[in-house]
Amino acid sequence: MIWFTWRQFRTQTWIAIGALAAVGVVLVVTGRSIADAYAAANVAACQGDCATAIDTFLSQVWTGASGTVYDLANVIMYVVPAVIGIFWGAPLLARELETGTHRLAWNQSVTRTRWLSAKLAVVGGAAAATAGLLSWAVTSWAGHIDQAAGDRITPGLFGARGIAPVGYALFAFVLGVTAGMLIRRTVPAMAATLAIYGAAVISMQEWVRAHLVPASHATRPLDTSSLDTLMLSDNNQMTVIASDNLSNAWVLSNQTITATGQVFTGPVNPQYCGPDQGPQACVDWLATLGLRQDLTYHPASHFWPLQWTEAGIFIALAVLLAGFCFWWTRRLT
Amino acid sequence: MSSPVLQAEGLSKRYRRREALSDCTIAVPPGRVVGLVGPNGAGKTTLLHLAVGLLRPTAGDIEVLGGHPASGAAQLARVGFVAQDAPTYAGLSVADHLRFGAHTNPGWDRQLADDRVTRLGLDRSQKAGKLSGGQRAQLALTLAIAKRPDLLILDEPVASLDPLARREFLQGLMVFIAEHDAGVILSSHLVSDLERVCDYLIVLVASRVRVAGEVEDLLASHYRLTGARRDLADLPTGVEVIEDSHTDRQSTLIARSTTPIDGSSFAVEQLALEDLVLAYMSQTATDPLPALETTP
């Protein structure tokens, strides 16, 4: 059964290997220029003025071909699990059911459970390997950039690094299998797979991920010299937000609070703040109020705990769906 | 091979609102070549799918060779099945199909498979999707035969074949039956396909078993009676009318009787199997006649 699954899956395997090889070549070639830029900007050995070194390095990266590759690679990391779900998962059972070949397969001396096990193991293994290899390649390729930019824990990049893509790929694959099994037609199953995969990954990023590991919390005096936002509203209210000054962190909330802990919204003192006074007078006045900055964030150290938890959740979902597939296949007619 | 080929007790299958098979009770003795005949949509495929475990009964029970269909690898190994239209993997070659059979069946008879493919003149590197209907049916039959089942179940194996391919297919089947001690169930909507190969017949009409029995017994117990027009009520006892047609002066009856019919008031003729089956198929009565008793 394993031989046969591999035989049915042979073309896709070669396509995957070819695509991985092509990506590998591009990464190796551009990886050299990144390493050169990194060495030239002297980021690793910078003393004191590291910010300049990092800026030099990053601007060199963004202006070259590696900048384009970087953007593409980030997109590919989200697209590959979807492609796996759509082209490997959805047709796996749907095509058999659609063409009636399940009536041939299920009448050999192999139980449906073994038949499905072989399919899920071979193709699921390939899905995990593909996503894992790709993510490993991209994560190491982008290592210097991520370190310099200090942003791999932020939402867009997080799912394109580490082991989260393996979780996505396994989930998308089994999701495709399940959709194909229930819908019994390949093309609608592909559409359903894409829709649900997209919804799951977006929901994870928007609503779930922040809570997977308890976030860090910090309160410190408001640094009025690094205000990001200073906004006056008509009703005598104002919004003040200082820069978070955190490197390599995912900031969930950044608020300015009063000494009593309320979010600061004013009231504005028109004597200092207003169109006639100029911003500096207002900033100086704010500095006298004893305001504090209240931050909730995931520091860089949360990257791997978040990665493992998120990958674990998607793998658990995949396992649940696979269990459902086994149960349903036994009663499928 | 001492277990009955097929044993069904009150077997029913309902799809949502449509009854595909109703209260089917049959017991086919061991070692028979069974023909399942009936018009399209009578429930033949449903019965066969129940027998191979592709369907689960809504009610009742079915056993094949003494085991529950598809209850495990051992049962699957004992029953070979060729579904209607002989599904094969269009993108895989003939050789791939044989390797598939070899990998998925512990009892795979490689010699038999190779010989058959050679004799049929199938090109091993040809993709199954490019084979003709007859060749595909032969390939599917080869897969089912080479796993060396105790029972071969074929759903309308010749329906899509031209007359020549049809004859070749049935000949191949008869060779297999002669060479291997295996039972066969095959369905068709044409009696002529089954007549030459089957020694047991099940007639299925409108989801019900109309009659089932040894072909010999069926032929020996059915008659065409022709005589002066008469009321059906005054027939000798033990004679059941399957079909009757009347002109002003004459009645023609197709009737079943387990005892010879007194020929004084009728011209009594033996029936051809085809006429017999057609009589059951055109029968309007909704009550099924009890299955003909057979002694195992």
# chains A, B, ... in the order shown; residues from 1 in each chain; ligands from 1
call {"tool": "closest_atom_pairs", "arguments": {"of": "region 173-277 of chain B", "to": "region 46-57 of chain B", "cutoff": "10 Å", "atoms": "only C-alpha atoms", "output": "tab-separated table"}}
result
residue	atom	partner	partner_atom	distance
B:Ile185	CA	B:Leu48	CA	8.5
B:Leu186	CA	B:Leu48	CA	8.7
B:Ser187	CA	B:Leu48	CA	8.4
B:Leu204	CA	B:Leu47	CA	9.5
B:Ser207	CA	B:Thr46	CA	9.0
call {"tool": "select_by_dssp", "arguments": {"residues": "region 96-319 of chain A", "states": "strand (DSSP E)", "output": "number ranges by chain"}}
result
A: 216-221, 227-232, 238-242, 250-257, 292-298
call {"tool": "residues_around", "arguments": {"residues": "region 131-141 of chain B", "least_positions_apart": "4", "cutoff": "6 Å", "atoms": "only C-alpha atoms", "output": "PyMOL selection string"}}
result
chain B and resi 86+145+161+165
call {"tool": "residues_around", "arguments": {"residues": "Asp109 (chain B)", "least_positions_apart": "6", "cutoff": "9 Å", "atoms": "only C-alpha atoms", "output": "ChimeraX atom specification"}}
result
/B:102,145-148
call {"tool": "residues_around", "arguments": {"residues": "region 231-247 of chain A", "least_positions_apart": "2", "cutoff": "9 Å", "atoms": "only C-alpha atoms", "output": "count of residues only"}}
result
30
call {"tool": "residues_around", "arguments": {"residues": "Thr329 (chain A)", "least_positions_apart": "5", "cutoff": "9 Å", "atoms": "only C-alpha atoms", "output": "list in words"}}
result
Arg112, Thr113, Leu116, Met181 and Phe324 of chain A
call {"tool": "write_last_selection", "arguments": {"atoms": "N, CA and C atoms", "output": "JSON list (two decimals), in the first residue's frame"}}
result
[["chain", "number", "residue", "atom", "x", "y", "z"],
["A", 112, "ARG", "N", -9.73, -0.57, 4.79],
["A", 112, "ARG", "CA", -9.76, 0.86, 4.49],
["A", 112, "ARG", "C", -8.88, 1.63, 5.46],
["A", 113, "THR", "N", -8.81, 1.14, 6.69],
["A", 113, "THR", "CA", -7.98, 1.82, 7.69],
["A", 113, "THR", "C", -6.52, 1.79, 7.27],
["A", 116, "LEU", "N", -6.03, 4.08, 4.23],
["A", 116, "LEU", "CA", -5.97, 5.50, 4.58],
["A", 116, "LEU", "C", -4.70, 5.82, 5.36],
["A", 181, "MET", "N", -13.03, 14.12, 1.28],
["A", 181, "MET", "CA", -13.78, 12.94, 1.70],
["A", 181, "MET", "C", -15.26, 13.29, 1.90],
["A", 324, "PHE", "N", -11.04, 11.74, 12.54],
["A", 324, "PHE", "CA", -12.37, 11.80, 11.93],
["A", 324, "PHE", "C", -12.36, 11.12, 10.57]]
call {"tool": "closest_atom_pairs", "arguments": {"of": "chain B", "to": "chain A", "cutoff": "9 Å", "atoms": "only C-alpha atoms", "output": "tab-separated table"}}
result
residue	atom	partner	partner_atom	distance
B:His49	CA	A:Thr333	CA	8.9
B:Val52	CA	A:Asn107	CA	7.5
B:Gly53	CA	A:Thr333	CA	8.4
B:Leu54	CA	A:Thr333	CA	5.3
B:Leu55	CA	A:Thr333	CA	5.2
B:Arg56	CA	A:Thr333	CA	7.6
B:Ala70	CA	A:Thr111	CA	7.6
B:Ser71	CA	A:Thr111	CA	8.4
B:Gly72	CA	A:Thr111	CA	6.1
B:Ala73	CA	A:Ser109	CA	5.1
B:Ala74	CA	A:Ser109	CA	6.9
B:Gln75	CA	A:Ser109	CA	7.8
B:Leu76	CA	A:Ser109	CA	4.8
B:Ala77	CA	A:Ser109	CA	4.4
B:Arg78	CA	A:Ser109	CA	8.1
B:Val79	CA	A:Asn107	CA	7.7
B:Gly80	CA	A:Asn107	CA	6.7
B:Phe81	CA	A:Asn107	CA	6.2
B:Val82	CA	A:Leu104	CA	7.2
B:Ala83	CA	A:Arg103	CA	6.5
B:Ala86	CA	A:Leu104	CA	8.1
B:Pro87	CA	A:Thr101	CA	5.3
B:Thr88	CA	A:Thr101	CA	5.9
B:Tyr89	CA	A:Thr101	CA	6.5
B:Gly91	CA	A:Gln8	CA	8.5
B:Leu92	CA	A:Gln8	CA	7.9
B:Asp96	CA	A:Arg7	CA	8.2
B:Arg99	CA	A:Phe4	CA	8.1
B:Phe100	CA	A:Phe4	CA	6.0
B:Gly101	CA	A:Gln108	CA	7.2
B:His103	CA	A:Met1	CA	6.2
B:Thr104	CA	A:Ser109	CA	5.8
B:Asn105	CA	A:Ser109	CA	4.9
B:Pro106	CA	A:Ser109	CA	7.2
B:Gly107	CA	A:Ser109	CA	8.6
B:Ala140	CA	A:Leu104	CA	8.2
B:Leu143	CA	A:Gln108	CA	8.8
B:Ala144	CA	A:Gln108	CA	8.1
B:Lys147	CA	A:Gln108	CA	7.8
call {"tool": "write_last_selection", "arguments": {"atoms": "C-alpha atoms", "output": "PDB file, in the first residue's frame"}}
result
ATOM      1  CA  HIS B  49     -22.206  -3.572  -3.043  1.00  0.00           C
ATOM      2  CA  VAL B  52     -18.619  -6.676  -0.841  1.00  0.00           C
ATOM      3  CA  GLY B  53     -19.124  -4.225   2.011  1.00  0.00           C
ATOM      4  CA  LEU B  54     -19.129  -1.054  -0.076  1.00  0.00           C
ATOM      5  CA  LEU B  55     -22.581  -0.466   1.398  1.00  0.00           C
ATOM      6  CA  ARG B  56     -23.966  -1.184   4.832  1.00  0.00           C
ATOM      7  CA  ALA B  70     -15.321  -6.312   4.268  1.00  0.00           C
ATOM      8  CA  SER B  71     -15.069  -7.201   7.963  1.00  0.00           C
ATOM      9  CA  GLY B  72     -11.293  -7.463   7.713  1.00  0.00           C
ATOM     10  CA  ALA B  73      -8.337  -8.168   5.479  1.00  0.00           C
ATOM     11  CA  ALA B  74      -9.065 -11.910   5.497  1.00  0.00           C
ATOM     12  CA  GLN B  75     -12.624 -11.447   4.257  1.00  0.00           C
ATOM     13  CA  LEU B  76     -11.472  -8.932   1.653  1.00  0.00           C
ATOM     14  CA  ALA B  77      -8.903 -11.445   0.416  1.00  0.00           C
ATOM     15  CA  ARG B  78     -11.593 -14.074  -0.085  1.00  0.00           C
ATOM     16  CA  VAL B  79     -13.820 -11.952  -2.300  1.00  0.00           C
ATOM     17  CA  GLY B  80     -12.783 -10.454  -5.606  1.00  0.00           C
ATOM     18  CA  PHE B  81     -14.910  -7.649  -6.986  1.00  0.00           C
ATOM     19  CA  VAL B  82     -15.146  -5.847 -10.286  1.00  0.00           C
ATOM     20  CA  ALA B  83     -17.381  -2.825  -9.975  1.00  0.00           C
ATOM     21  CA  ALA B  86     -14.521  -1.599 -14.206  1.00  0.00           C
ATOM     22  CA  PRO B  87     -12.846   1.356 -12.490  1.00  0.00           C
ATOM     23  CA  THR B  88      -9.082   1.550 -12.954  1.00  0.00           C
ATOM     24  CA  TYR B  89      -6.527   4.288 -12.321  1.00  0.00           C
ATOM     25  CA  GLY B  91      -3.001   7.585 -15.092  1.00  0.00           C
ATOM     26  CA  LEU B  92      -1.352   4.297 -14.173  1.00  0.00           C
ATOM     27  CA  ASP B  96       1.409  -0.525 -12.317  1.00  0.00           C
ATOM     28  CA  ARG B  99       2.109  -4.251  -9.083  1.00  0.00           C
ATOM     29  CA  PHE B 100      -0.741  -2.647  -7.157  1.00  0.00           C
ATOM     30  CA  GLY B 101      -2.483  -6.007  -6.998  1.00  0.00           C
ATOM     31  CA  HIS B 103       1.335  -5.219  -3.138  1.00  0.00           C
ATOM     32  CA  THR B 104      -2.171  -5.239  -1.758  1.00  0.00           C
ATOM     33  CA  ASN B 105      -3.014  -8.941  -1.882  1.00  0.00           C
ATOM     34  CA  PRO B 106      -1.079 -11.572   0.055  1.00  0.00           C
ATOM     35  CA  GLY B 107      -2.535 -14.328  -2.118  1.00  0.00           C
ATOM     36  CA  ALA B 140     -10.064  -5.228 -13.786  1.00  0.00           C
ATOM     37  CA  LEU B 143      -6.834  -7.916 -10.796  1.00  0.00           C
ATOM     38  CA  ALA B 144      -9.845  -9.567  -9.203  1.00  0.00           C
ATOM     39  CA  LYS B 147      -5.818 -12.233  -5.898  1.00  0.00           C
TER      40      LYS B 147
END
call {"tool": "atom_distance", "arguments": {"atom1": "CA of Gly125 (chain A)", "atom2": "CA of Leu317 (chain A)"}}
result
15.9 Å
call {"tool": "residues_around", "arguments": {"residues": "Thr252 (chain B)", "least_positions_apart": "4", "cutoff": "8 Å", "atoms": "only C-alpha atoms", "output": "list in words"}}
result
Arg224, Leu225, Thr226, Gly227, Asp244, Ser245 and His246 of chain B
call {"tool": "write_last_selection", "arguments": {"atoms": "C-alpha atoms", "output": "compact mmCIF listing (two decimals), in the first residue's frame"}}
result
# COMPACT_ATOMS: atom_id res chain seq x y z
CA ARG B 224 -46.06 -22.20 -20.60
CA LEU B 225 -49.69 -23.31 -20.64
CA THR B 226 -51.84 -22.60 -23.64
CA GLY B 227 -55.50 -23.51 -23.75
CA ASP B 244 -51.10 -14.47 -18.03
CA SER B 245 -52.31 -13.12 -21.32
CA HIS B 246 -55.66 -13.69 -22.90
call {"tool": "select_by_dssp", "arguments": {"residues": "region 68-188 of chain A", "states": "helix (DSSP H, G or I)", "output": "PyMOL selection string"}}
result
chain A and resi 68-99+102-105+112-141+143-149+155-158+164-183+186-188
call {"tool": "atom_distance", "arguments": {"atom1": "CA of Thr142 (chain B)", "atom2": "CA of Asn40 (chain B)"}}
result
25.8 Å
call {"tool": "atom_distance", "arguments": {"atom1": "CA of Ala44 (chain A)", "atom2": "CA of Thr56 (chain A)"}}
result
12.6 Å
call {"tool": "closest_residue", "arguments": {"among": "B:Ala206, B:Leu190, B:Ala59, B:Leu120", "to": "Glu168 (chain B)", "atoms": "only C-alpha atoms"}}
result
B:Leu120
